[in-house]
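What follows is one structure encoded as structure tokens, with my remarks underneath.
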Amino acid sequence: MVEVLEVSRESIEEMIHSYECNQRYALAIMQDMQRRYQYVPKEGLRALAEYLGCPVSALYAMATFYKALSLVPKGEHIIKCCDGTACHIRGASTLIDGVERELGIRPGETTGDGLFSFETVNCLGSCALAPVLVVDDVYYGKVTLEKLKEIIQTVREGGAV
């Protein structure tokens with residue numbers, strides 16, 4: 001099971017106050033929260049809004065605009081499956097179904113143990129390698145169902161493929 005870091009006002013305050021009080025640092029601070037907690041906690045948005053003197057809604061808009069930020073906890077390992085044109089034509093839907101079967105989650109969900117989150121994306125810019133899967137920023141090209149199972153098992157065991 002993945003260790004979930006407790007979100008405390010003190011740790012959030014420490015993170016926020018490591019930056020100058022200027023709205024231009026809002027995104028960087030939210031990225032720090034994302035790295036630390038694997039999401040941007042509501043408490044973090046409220047504390048940041050208070051620190052910067054801006055509405056929470058402005059920070060919420062920013063947090064929902066950027067795909068790198070999430071308002072719900074993400075898994076320790078993020079699986080992204082490309083479903084762009086080249087990948088779709090070369091079997092991305094089969095991979096998406098395969099991930100759903102292997103992990104028991106649909107795109108946008110996280111496994112109960114917090115180990116995996118699954119996302120589909122429109123393009124990963126690697127059309128020649130279609131279908132493409134990215135796990136924790138590592139690209140896997142020409143992925144088959146057999147290779148998918150191997151990738152998931154290796155990540156589960158803490159290794160790299």
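Letters A, B, ... go to the chains of the structure tokens in the order shown; residues in each chain start at 1; ligands are counted from 1 in the same order.
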**Message:** Let's see if you can do this: from backbone DSSP, list all helix (DSSP H, G or I) residues in chain A, as a VMD selection string.
**Reply:** chain A and resid 9 to 17 23 to 37 42 to 52 56 to 65 85 to 89 92 to 103 127 to 129 145 to 156
**Request:** Tell me, as a PyMOL selection string, which residues lie within 10 Å of Leu148 of chain A, counting only C-alpha atoms; anything in the same chain fewer than 6 positions away does not count.
**Result:** chain A and resi 95+98-99+102+133+140+154
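The shortest atom-to-atom distance to Gly108 of chain A, with only C-alpha atoms taken into account, belongs to A:Ile79 out of A:His88, A:Arg156, A:Ile79, A:Ser93.
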**Item:** Backbone DSSP call of strand (DSSP E) for segment 40-138 of chain A, listed as a list in words
**Value:** His77, Ile78, Ile79, Lys80, Cys81, Cys82, Phe116, Ser117, Phe118, Glu119, Thr120, Val121, Leu133, Val134, Val135 and Val138 of chain A
Contacts of segment 110-119 of chain A at 12 Å or less, counting only C-alpha atoms, minus same-chain residues fewer than 6 places along, as an mmCIF file with N, CA and C atoms, in the first residue's frame?
data_model
loop_
_atom_site.group_PDB
_atom_site.id
_atom_site.type_symbol
_atom_site.label_atom_id
_atom_site.label_comp_id
_atom_site.auth_asym_id
_atom_site.auth_seq_id
_atom_site.Cartn_x
_atom_site.Cartn_y
_atom_site.Cartn_z
ATOM 1 N N MET A 1 0.831 -1.182 0.000
ATOM 2 C CA MET A 1 0.000 0.000 0.000
ATOM 3 C C MET A 1 0.880 1.251 0.000
ATOM 4 N N VAL A 2 0.466 2.269 -0.713
ATOM 5 C CA VAL A 2 1.209 3.514 -0.840
ATOM 6 C C VAL A 2 1.062 4.340 0.430
ATOM 7 N N GLU A 3 2.163 4.923 0.887
ATOM 8 C CA GLU A 3 2.108 5.790 2.053
ATOM 9 C C GLU A 3 1.501 7.119 1.633
ATOM 10 N N VAL A 4 0.426 7.503 2.303
ATOM 11 C CA VAL A 4 -0.229 8.771 2.015
ATOM 12 C C VAL A 4 0.269 9.794 3.029
ATOM 13 N N LEU A 5 0.827 10.880 2.525
ATOM 14 C CA LEU A 5 1.299 11.928 3.413
ATOM 15 C C LEU A 5 0.113 12.691 3.980
ATOM 16 N N TYR A 37 1.934 15.803 -2.212
ATOM 17 C CA TYR A 37 0.742 15.051 -1.812
ATOM 18 C C TYR A 37 0.119 14.231 -2.939
ATOM 19 N N GLN A 38 0.617 14.369 -4.141
ATOM 20 C CA GLN A 38 0.075 13.763 -5.357
ATOM 21 C C GLN A 38 -1.286 14.334 -5.750
ATOM 22 N N TYR A 39 -1.581 15.494 -5.186
ATOM 23 C CA TYR A 39 -2.735 16.299 -5.589
ATOM 24 C C TYR A 39 -2.619 17.647 -4.884
ATOM 25 N N LYS A 67 -3.353 20.244 -16.718
ATOM 26 C CA LYS A 67 -3.485 18.792 -16.577
ATOM 27 C C LYS A 67 -2.484 18.214 -15.578
ATOM 28 N N ALA A 68 -1.383 18.903 -15.338
ATOM 29 C CA ALA A 68 -0.367 18.409 -14.401
ATOM 30 C C ALA A 68 -0.844 18.500 -12.952
ATOM 31 N N SER A 70 -3.942 18.112 -10.032
ATOM 32 C CA SER A 70 -5.157 17.359 -9.755
ATOM 33 C C SER A 70 -5.716 17.797 -8.408
ATOM 34 N N VAL A 72 -7.804 15.781 -6.809
ATOM 35 C CA VAL A 72 -8.043 14.517 -6.111
ATOM 36 C C VAL A 72 -6.727 13.741 -6.071
ATOM 37 N N PRO A 73 -6.513 12.947 -5.023
ATOM 38 C CA PRO A 73 -5.249 12.208 -4.917
ATOM 39 C C PRO A 73 -4.997 11.303 -6.117
ATOM 40 N N LYS A 74 -3.762 11.289 -6.569
ATOM 41 C CA LYS A 74 -3.329 10.430 -7.674
ATOM 42 C C LYS A 74 -2.556 9.254 -7.094
ATOM 43 N N GLY A 75 -2.450 8.211 -7.869
ATOM 44 C CA GLY A 75 -1.683 7.049 -7.455
ATOM 45 C C GLY A 75 -0.190 7.321 -7.508
ATOM 46 N N GLU A 76 0.550 6.420 -6.909
ATOM 47 C CA GLU A 76 2.006 6.532 -6.917
ATOM 48 C C GLU A 76 2.548 6.459 -8.343
ATOM 49 N N HIS A 77 1.899 5.646 -9.183
ATOM 50 C CA HIS A 77 2.303 5.496 -10.583
ATOM 51 C C HIS A 77 1.159 5.952 -11.479
ATOM 52 N N ILE A 78 1.477 6.815 -12.429
ATOM 53 C CA ILE A 78 0.482 7.342 -13.360
ATOM 54 C C ILE A 78 0.666 6.662 -14.710
ATOM 55 N N ILE A 79 -0.394 6.018 -15.179
ATOM 56 C CA ILE A 79 -0.390 5.379 -16.500
ATOM 57 C C ILE A 79 -1.204 6.263 -17.430
ATOM 58 N N LYS A 80 -0.582 6.676 -18.533
ATOM 59 C CA LYS A 80 -1.275 7.473 -19.539
ATOM 60 C C LYS A 80 -1.288 6.676 -20.837
ATOM 61 N N CYS A 81 -2.467 6.516 -21.393
ATOM 62 C CA CYS A 81 -2.607 5.817 -22.667
ATOM 63 C C CYS A 81 -3.036 6.832 -23.714
ATOM 64 N N CYS A 82 -2.269 6.911 -24.781
ATOM 65 C CA CYS A 82 -2.606 7.821 -25.866
ATOM 66 C C CYS A 82 -3.788 7.261 -26.649
ATOM 67 N N ASP A 83 -4.761 8.117 -26.923
ATOM 68 C CA ASP A 83 -5.900 7.724 -27.753
ATOM 69 C C ASP A 83 -6.054 8.697 -28.911
ATOM 70 N N LEU A 95 -5.782 -1.383 -25.581
ATOM 71 C CA LEU A 95 -4.941 -1.120 -24.413
ATOM 72 C C LEU A 95 -5.742 -0.527 -23.266
ATOM 73 N N ILE A 96 -6.637 0.400 -23.593
ATOM 74 C CA ILE A 96 -7.481 1.016 -22.561
ATOM 75 C C ILE A 96 -8.309 -0.057 -21.876
ATOM 76 N N ASP A 97 -8.917 -0.948 -22.670
ATOM 77 C CA ASP A 97 -9.680 -2.061 -22.101
ATOM 78 C C ASP A 97 -8.772 -2.965 -21.267
ATOM 79 N N GLY A 98 -7.551 -3.178 -21.737
ATOM 80 C CA GLY A 98 -6.593 -4.023 -21.020
ATOM 81 C C GLY A 98 -6.221 -3.447 -19.666
ATOM 82 N N VAL A 99 -5.979 -2.139 -19.608
ATOM 83 C CA VAL A 99 -5.662 -1.492 -18.330
ATOM 84 C C VAL A 99 -6.870 -1.601 -17.396
ATOM 85 N N GLU A 100 -8.058 -1.381 -17.932
ATOM 86 C CA GLU A 100 -9.269 -1.481 -17.110
ATOM 87 C C GLU A 100 -9.404 -2.881 -16.518
ATOM 88 N N ARG A 101 -9.117 -3.912 -17.318
ATOM 89 C CA ARG A 101 -9.209 -5.300 -16.826
ATOM 90 C C ARG A 101 -8.116 -5.609 -15.809
ATOM 91 N N GLU A 102 -6.879 -5.209 -16.124
ATOM 92 C CA GLU A 102 -5.738 -5.523 -15.256
ATOM 93 C C GLU A 102 -5.819 -4.823 -13.902
ATOM 94 N N LEU A 103 -6.254 -3.572 -13.899
ATOM 95 C CA LEU A 103 -6.247 -2.779 -12.672
ATOM 96 C C LEU A 103 -7.620 -2.574 -12.049
ATOM 97 N N GLY A 104 -8.666 -2.850 -12.820
ATOM 98 C CA GLY A 104 -10.015 -2.675 -12.295
ATOM 99 C C GLY A 104 -10.423 -1.220 -12.138
ATOM 100 N N LEU A 133 2.072 4.087 -24.515
ATOM 101 C CA LEU A 133 1.688 4.119 -23.112
ATOM 102 C C LEU A 133 2.825 4.810 -22.369
ATOM 103 N N VAL A 134 2.492 5.685 -21.420
ATOM 104 C CA VAL A 134 3.507 6.337 -20.598
ATOM 105 C C VAL A 134 3.218 5.970 -19.147
ATOM 106 N N VAL A 135 4.248 5.481 -18.465
ATOM 107 C CA VAL A 135 4.135 5.164 -17.046
ATOM 108 C C VAL A 135 5.215 5.964 -16.335
ATOM 109 N N ASP A 136 4.790 6.880 -15.475
ATOM 110 C CA ASP A 136 5.744 7.705 -14.720
ATOM 111 C C ASP A 136 6.773 8.358 -15.634
ATOM 112 N N ILE A 152 2.862 -3.523 -16.251
ATOM 113 C CA ILE A 152 2.130 -3.354 -14.993
ATOM 114 C C ILE A 152 2.749 -4.219 -13.898
ATOM 115 N N GLN A 153 3.068 -5.472 -14.214
ATOM 116 C CA GLN A 153 3.653 -6.371 -13.219
ATOM 117 C C GLN A 153 5.015 -5.871 -12.747
ATOM 118 N N VAL A 155 6.126 -2.754 -12.741
ATOM 119 C CA VAL A 155 5.938 -1.562 -11.919
ATOM 120 C C VAL A 155 5.432 -1.958 -10.531
ATOM 121 N N ARG A 156 4.510 -2.928 -10.483
ATOM 122 C CA ARG A 156 3.999 -3.421 -9.190
ATOM 123 C C ARG A 156 5.133 -3.927 -8.301
ATOM 124 N N GLU A 157 6.090 -4.590 -8.929
ATOM 125 C CA GLU A 157 7.216 -5.182 -8.192
ATOM 126 C C GLU A 157 8.311 -4.173 -7.895
ATOM 127 N N GLY A 158 8.112 -2.919 -8.333
ATOM 128 C CA GLY A 158 9.069 -1.870 -8.020
ATOM 129 C C GLY A 158 10.217 -1.749 -8.999
#
**Message:** With only C-alpha atoms as the counted atoms, please give the residues lying no more than 12 Å from Arg36 of chain A, apart from itself and same-chain residues fewer than 4 positions off, as number ranges by chain.
**Reply:** A: 3-8, 11-12, 15, 29-32, 40-41, 44, 69, 73-74, 76
Can I get the selection written as a PDB file, in the first residue's frame, with N, CA, C and O atoms?
ATOM      1  N   GLU A   3       2.163   4.923   0.887  1.00  0.00           N
ATOM      2  CA  GLU A   3       2.108   5.790   2.053  1.00  0.00           C
ATOM      3  C   GLU A   3       1.501   7.119   1.633  1.00  0.00           C
ATOM      4  O   GLU A   3       1.976   7.774   0.719  1.00  0.00           O
ATOM      5  N   VAL A   4       0.426   7.503   2.303  1.00  0.00           N
ATOM      6  CA  VAL A   4      -0.229   8.771   2.015  1.00  0.00           C
ATOM      7  C   VAL A   4       0.269   9.794   3.029  1.00  0.00           C
ATOM      8  O   VAL A   4       0.178   9.574   4.233  1.00  0.00           O
ATOM      9  N   LEU A   5       0.827  10.880   2.525  1.00  0.00           N
ATOM     10  CA  LEU A   5       1.299  11.928   3.413  1.00  0.00           C
ATOM     11  C   LEU A   5       0.113  12.691   3.980  1.00  0.00           C
ATOM     12  O   LEU A   5      -0.810  13.053   3.251  1.00  0.00           O
ATOM     13  N   GLU A   6       0.153  12.905   5.270  1.00  0.00           N
ATOM     14  CA  GLU A   6      -0.917  13.662   5.919  1.00  0.00           C
ATOM     15  C   GLU A   6      -0.792  15.127   5.525  1.00  0.00           C
ATOM     16  O   GLU A   6       0.291  15.704   5.528  1.00  0.00           O
ATOM     17  N   VAL A   7      -1.913  15.706   5.159  1.00  0.00           N
ATOM     18  CA  VAL A   7      -1.946  17.115   4.804  1.00  0.00           C
ATOM     19  C   VAL A   7      -2.136  17.897   6.094  1.00  0.00           C
ATOM     20  O   VAL A   7      -3.154  17.767   6.760  1.00  0.00           O
ATOM     21  N   SER A   8      -1.132  18.682   6.455  1.00  0.00           N
ATOM     22  CA  SER A   8      -1.246  19.486   7.666  1.00  0.00           C
ATOM     23  C   SER A   8      -1.095  20.957   7.305  1.00  0.00           C
ATOM     24  O   SER A   8      -0.386  21.316   6.366  1.00  0.00           O
ATOM     25  N   SER A  11       2.596  22.027   7.297  1.00  0.00           N
ATOM     26  CA  SER A  11       3.416  21.685   6.127  1.00  0.00           C
ATOM     27  C   SER A  11       3.031  22.528   4.914  1.00  0.00           C
ATOM     28  O   SER A  11       3.892  22.929   4.127  1.00  0.00           O
ATOM     29  N   ILE A  12       1.740  22.828   4.786  1.00  0.00           N
ATOM     30  CA  ILE A  12       1.294  23.678   3.683  1.00  0.00           C
ATOM     31  C   ILE A  12       1.833  25.096   3.859  1.00  0.00           C
ATOM     32  O   ILE A  12       2.343  25.695   2.917  1.00  0.00           O
ATOM     33  N   MET A  15       5.473  25.299   2.979  1.00  0.00           N
ATOM     34  CA  MET A  15       5.648  25.259   1.529  1.00  0.00           C
ATOM     35  C   MET A  15       5.319  26.624   0.910  1.00  0.00           C
ATOM     36  O   MET A  15       6.078  27.149   0.097  1.00  0.00           O
ATOM     37  N   ILE A  29       3.796  27.024  -6.533  1.00  0.00           N
ATOM     38  CA  ILE A  29       3.419  26.534  -5.205  1.00  0.00           C
ATOM     39  C   ILE A  29       2.460  25.353  -5.339  1.00  0.00           C
ATOM     40  O   ILE A  29       2.600  24.338  -4.644  1.00  0.00           O
ATOM     41  N   MET A  30       1.497  25.455  -6.251  1.00  0.00           N
ATOM     42  CA  MET A  30       0.568  24.334  -6.461  1.00  0.00           C
ATOM     43  C   MET A  30       1.296  23.118  -7.007  1.00  0.00           C
ATOM     44  O   MET A  30       0.968  21.980  -6.663  1.00  0.00           O
ATOM     45  N   GLN A  31       2.300  23.325  -7.851  1.00  0.00           N
ATOM     46  CA  GLN A  31       3.101  22.198  -8.348  1.00  0.00           C
ATOM     47  C   GLN A  31       3.852  21.531  -7.198  1.00  0.00           C
ATOM     48  O   GLN A  31       3.966  20.299  -7.159  1.00  0.00           O
ATOM     49  N   ASP A  32       4.348  22.321  -6.264  1.00  0.00           N
ATOM     50  CA  ASP A  32       5.005  21.749  -5.080  1.00  0.00           C
ATOM     51  C   ASP A  32       4.022  20.899  -4.276  1.00  0.00           C
ATOM     52  O   ASP A  32       4.365  19.805  -3.813  1.00  0.00           O
ATOM     53  N   VAL A  40      -3.486  18.582  -5.255  1.00  0.00           N
ATOM     54  CA  VAL A  40      -3.514  19.884  -4.600  1.00  0.00           C
ATOM     55  C   VAL A  40      -4.698  19.862  -3.637  1.00  0.00           C
ATOM     56  O   VAL A  40      -5.854  19.888  -4.063  1.00  0.00           O
ATOM     57  N   PRO A  41      -4.418  19.769  -2.338  1.00  0.00           N
ATOM     58  CA  PRO A  41      -5.511  19.675  -1.359  1.00  0.00           C
ATOM     59  C   PRO A  41      -6.304  20.977  -1.245  1.00  0.00           C
ATOM     60  O   PRO A  41      -5.766  22.065  -1.452  1.00  0.00           O
ATOM     61  N   GLY A  44      -4.815  23.419   0.903  1.00  0.00           N
ATOM     62  CA  GLY A  44      -3.718  24.121   0.249  1.00  0.00           C
ATOM     63  C   GLY A  44      -4.202  25.294  -0.576  1.00  0.00           C
ATOM     64  O   GLY A  44      -3.603  26.374  -0.549  1.00  0.00           O
ATOM     65  N   LEU A  69      -1.912  19.264 -12.719  1.00  0.00           N
ATOM     66  CA  LEU A  69      -2.442  19.422 -11.371  1.00  0.00           C
ATOM     67  C   LEU A  69      -3.732  18.627 -11.225  1.00  0.00           C
ATOM     68  O   LEU A  69      -4.508  18.498 -12.172  1.00  0.00           O
ATOM     69  N   PRO A  73      -6.513  12.947  -5.023  1.00  0.00           N
ATOM     70  CA  PRO A  73      -5.249  12.208  -4.917  1.00  0.00           C
ATOM     71  C   PRO A  73      -4.997  11.303  -6.117  1.00  0.00           C
ATOM     72  O   PRO A  73      -5.911  10.653  -6.618  1.00  0.00           O
ATOM     73  N   LYS A  74      -3.762  11.289  -6.569  1.00  0.00           N
ATOM     74  CA  LYS A  74      -3.329  10.430  -7.674  1.00  0.00           C
ATOM     75  C   LYS A  74      -2.556   9.254  -7.094  1.00  0.00           C
ATOM     76  O   LYS A  74      -2.025   9.327  -5.992  1.00  0.00           O
ATOM     77  N   GLU A  76       0.550   6.420  -6.909  1.00  0.00           N
ATOM     78  CA  GLU A  76       2.006   6.532  -6.917  1.00  0.00           C
ATOM     79  C   GLU A  76       2.548   6.459  -8.343  1.00  0.00           C
ATOM     80  O   GLU A  76       3.514   7.118  -8.679  1.00  0.00           O
TER      81      GLU A  76
END
As a PDB file with N, CA and C atoms, in the first residue's frame, please: the residues near segment 53-60 of chain A (cut-off 12 Å, only C-alpha atoms, same-chain neighbours under 4 positions excluded).
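Result file is out_34.pdb:
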ATOM      1  N   CYS A  21       5.540  36.485  -1.420  1.00  0.00           N
ATOM      2  CA  CYS A  21       4.094  36.683  -1.521  1.00  0.00           C
ATOM      3  C   CYS A  21       3.780  37.448  -2.805  1.00  0.00           C
ATOM      4  N   ASN A  22       3.637  36.687  -3.896  1.00  0.00           N
ATOM      5  CA  ASN A  22       3.379  37.276  -5.209  1.00  0.00           C
ATOM      6  C   ASN A  22       2.582  36.252  -6.013  1.00  0.00           C
ATOM      7  N   GLN A  23       1.511  36.711  -6.664  1.00  0.00           N
ATOM      8  CA  GLN A  23       0.644  35.792  -7.399  1.00  0.00           C
ATOM      9  C   GLN A  23       1.356  35.060  -8.533  1.00  0.00           C
ATOM     10  N   ARG A  24       2.468  35.576  -8.999  1.00  0.00           N
ATOM     11  CA  ARG A  24       3.180  34.893 -10.085  1.00  0.00           C
ATOM     12  C   ARG A  24       3.744  33.542  -9.630  1.00  0.00           C
ATOM     13  N   TYR A  25       3.808  33.293  -8.320  1.00  0.00           N
ATOM     14  CA  TYR A  25       4.319  32.032  -7.795  1.00  0.00           C
ATOM     15  C   TYR A  25       3.212  31.014  -7.509  1.00  0.00           C
ATOM     16  N   ALA A  26       1.979  31.379  -7.769  1.00  0.00           N
ATOM     17  CA  ALA A  26       0.851  30.495  -7.451  1.00  0.00           C
ATOM     18  C   ALA A  26       0.989  29.128  -8.110  1.00  0.00           C
ATOM     19  N   LEU A  27       1.306  29.084  -9.386  1.00  0.00           N
ATOM     20  CA  LEU A  27       1.429  27.807 -10.087  1.00  0.00           C
ATOM     21  C   LEU A  27       2.576  26.974  -9.514  1.00  0.00           C
ATOM     22  N   ALA A  28       3.712  27.596  -9.261  1.00  0.00           N
ATOM     23  CA  ALA A  28       4.863  26.872  -8.707  1.00  0.00           C
ATOM     24  C   ALA A  28       4.524  26.279  -7.338  1.00  0.00           C
ATOM     25  N   ILE A  29       3.796  27.024  -6.533  1.00  0.00           N
ATOM     26  CA  ILE A  29       3.419  26.534  -5.205  1.00  0.00           C
ATOM     27  C   ILE A  29       2.460  25.353  -5.339  1.00  0.00           C
ATOM     28  N   MET A  30       1.497  25.455  -6.251  1.00  0.00           N
ATOM     29  CA  MET A  30       0.568  24.334  -6.461  1.00  0.00           C
ATOM     30  C   MET A  30       1.296  23.118  -7.007  1.00  0.00           C
ATOM     31  N   VAL A  40      -3.486  18.582  -5.255  1.00  0.00           N
ATOM     32  CA  VAL A  40      -3.514  19.884  -4.600  1.00  0.00           C
ATOM     33  C   VAL A  40      -4.698  19.862  -3.637  1.00  0.00           C
ATOM     34  N   PRO A  41      -4.418  19.769  -2.338  1.00  0.00           N
ATOM     35  CA  PRO A  41      -5.511  19.675  -1.359  1.00  0.00           C
ATOM     36  C   PRO A  41      -6.304  20.977  -1.245  1.00  0.00           C
ATOM     37  N   LYS A  42      -7.582  20.837  -0.902  1.00  0.00           N
ATOM     38  CA  LYS A  42      -8.444  22.010  -0.700  1.00  0.00           C
ATOM     39  C   LYS A  42      -7.844  22.949   0.333  1.00  0.00           C
ATOM     40  N   GLU A  43      -7.279  22.351   1.391  1.00  0.00           N
ATOM     41  CA  GLU A  43      -6.653  23.165   2.437  1.00  0.00           C
ATOM     42  C   GLU A  43      -5.523  24.005   1.866  1.00  0.00           C
ATOM     43  N   GLY A  44      -4.815  23.419   0.903  1.00  0.00           N
ATOM     44  CA  GLY A  44      -3.718  24.121   0.249  1.00  0.00           C
ATOM     45  C   GLY A  44      -4.202  25.294  -0.576  1.00  0.00           C
ATOM     46  N   LEU A  45      -5.302  25.093  -1.311  1.00  0.00           N
ATOM     47  CA  LEU A  45      -5.865  26.189  -2.102  1.00  0.00           C
ATOM     48  C   LEU A  45      -6.326  27.329  -1.201  1.00  0.00           C
ATOM     49  N   ARG A  46      -7.002  26.977  -0.104  1.00  0.00           N
ATOM     50  CA  ARG A  46      -7.488  28.011   0.812  1.00  0.00           C
ATOM     51  C   ARG A  46      -6.333  28.787   1.453  1.00  0.00           C
ATOM     52  N   ALA A  47      -5.311  28.064   1.900  1.00  0.00           N
ATOM     53  CA  ALA A  47      -4.161  28.716   2.539  1.00  0.00           C
ATOM     54  C   ALA A  47      -3.411  29.589   1.540  1.00  0.00           C
ATOM     55  N   LEU A  48      -3.281  29.110   0.311  1.00  0.00           N
ATOM     56  CA  LEU A  48      -2.588  29.876  -0.724  1.00  0.00           C
ATOM     57  C   LEU A  48      -3.367  31.136  -1.081  1.00  0.00           C
ATOM     58  N   ALA A  49      -4.681  31.015  -1.185  1.00  0.00           N
ATOM     59  CA  ALA A  49      -5.519  32.182  -1.481  1.00  0.00           C
ATOM     60  C   ALA A  49      -5.385  33.227  -0.384  1.00  0.00           C
ATOM     61  N   THR A  64      -7.603  23.577 -12.262  1.00  0.00           N
ATOM     62  CA  THR A  64      -8.378  22.730 -13.178  1.00  0.00           C
ATOM     63  C   THR A  64      -7.972  22.926 -14.628  1.00  0.00           C
ATOM     64  N   PHE A  65      -7.295  24.011 -14.931  1.00  0.00           N
ATOM     65  CA  PHE A  65      -6.832  24.267 -16.294  1.00  0.00           C
ATOM     66  C   PHE A  65      -5.627  23.389 -16.637  1.00  0.00           C
ATOM     67  N   TYR A  66      -4.680  23.291 -15.729  1.00  0.00           N
ATOM     68  CA  TYR A  66      -3.442  22.555 -16.005  1.00  0.00           C
ATOM     69  C   TYR A  66      -3.610  21.067 -15.709  1.00  0.00           C
ATOM     70  N   LEU A  69      -1.912  19.264 -12.719  1.00  0.00           N
ATOM     71  CA  LEU A  69      -2.442  19.422 -11.371  1.00  0.00           C
ATOM     72  C   LEU A  69      -3.732  18.627 -11.225  1.00  0.00           C
ATOM     73  N   SER A  70      -3.942  18.112 -10.032  1.00  0.00           N
ATOM     74  CA  SER A  70      -5.157  17.359  -9.755  1.00  0.00           C
ATOM     75  C   SER A  70      -5.716  17.797  -8.408  1.00  0.00           C
ATOM     76  N   LEU A  71      -7.026  17.838  -8.303  1.00  0.00           N
ATOM     77  CA  LEU A  71      -7.675  18.193  -7.041  1.00  0.00           C
ATOM     78  C   LEU A  71      -8.088  16.942  -6.260  1.00  0.00           C
TER      79      LEU A  71
END
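Taking atom CA of Pro131 of chain A and atom CA of Cys87 of chain A as endpoints, the distance between them is 4.3 Å.
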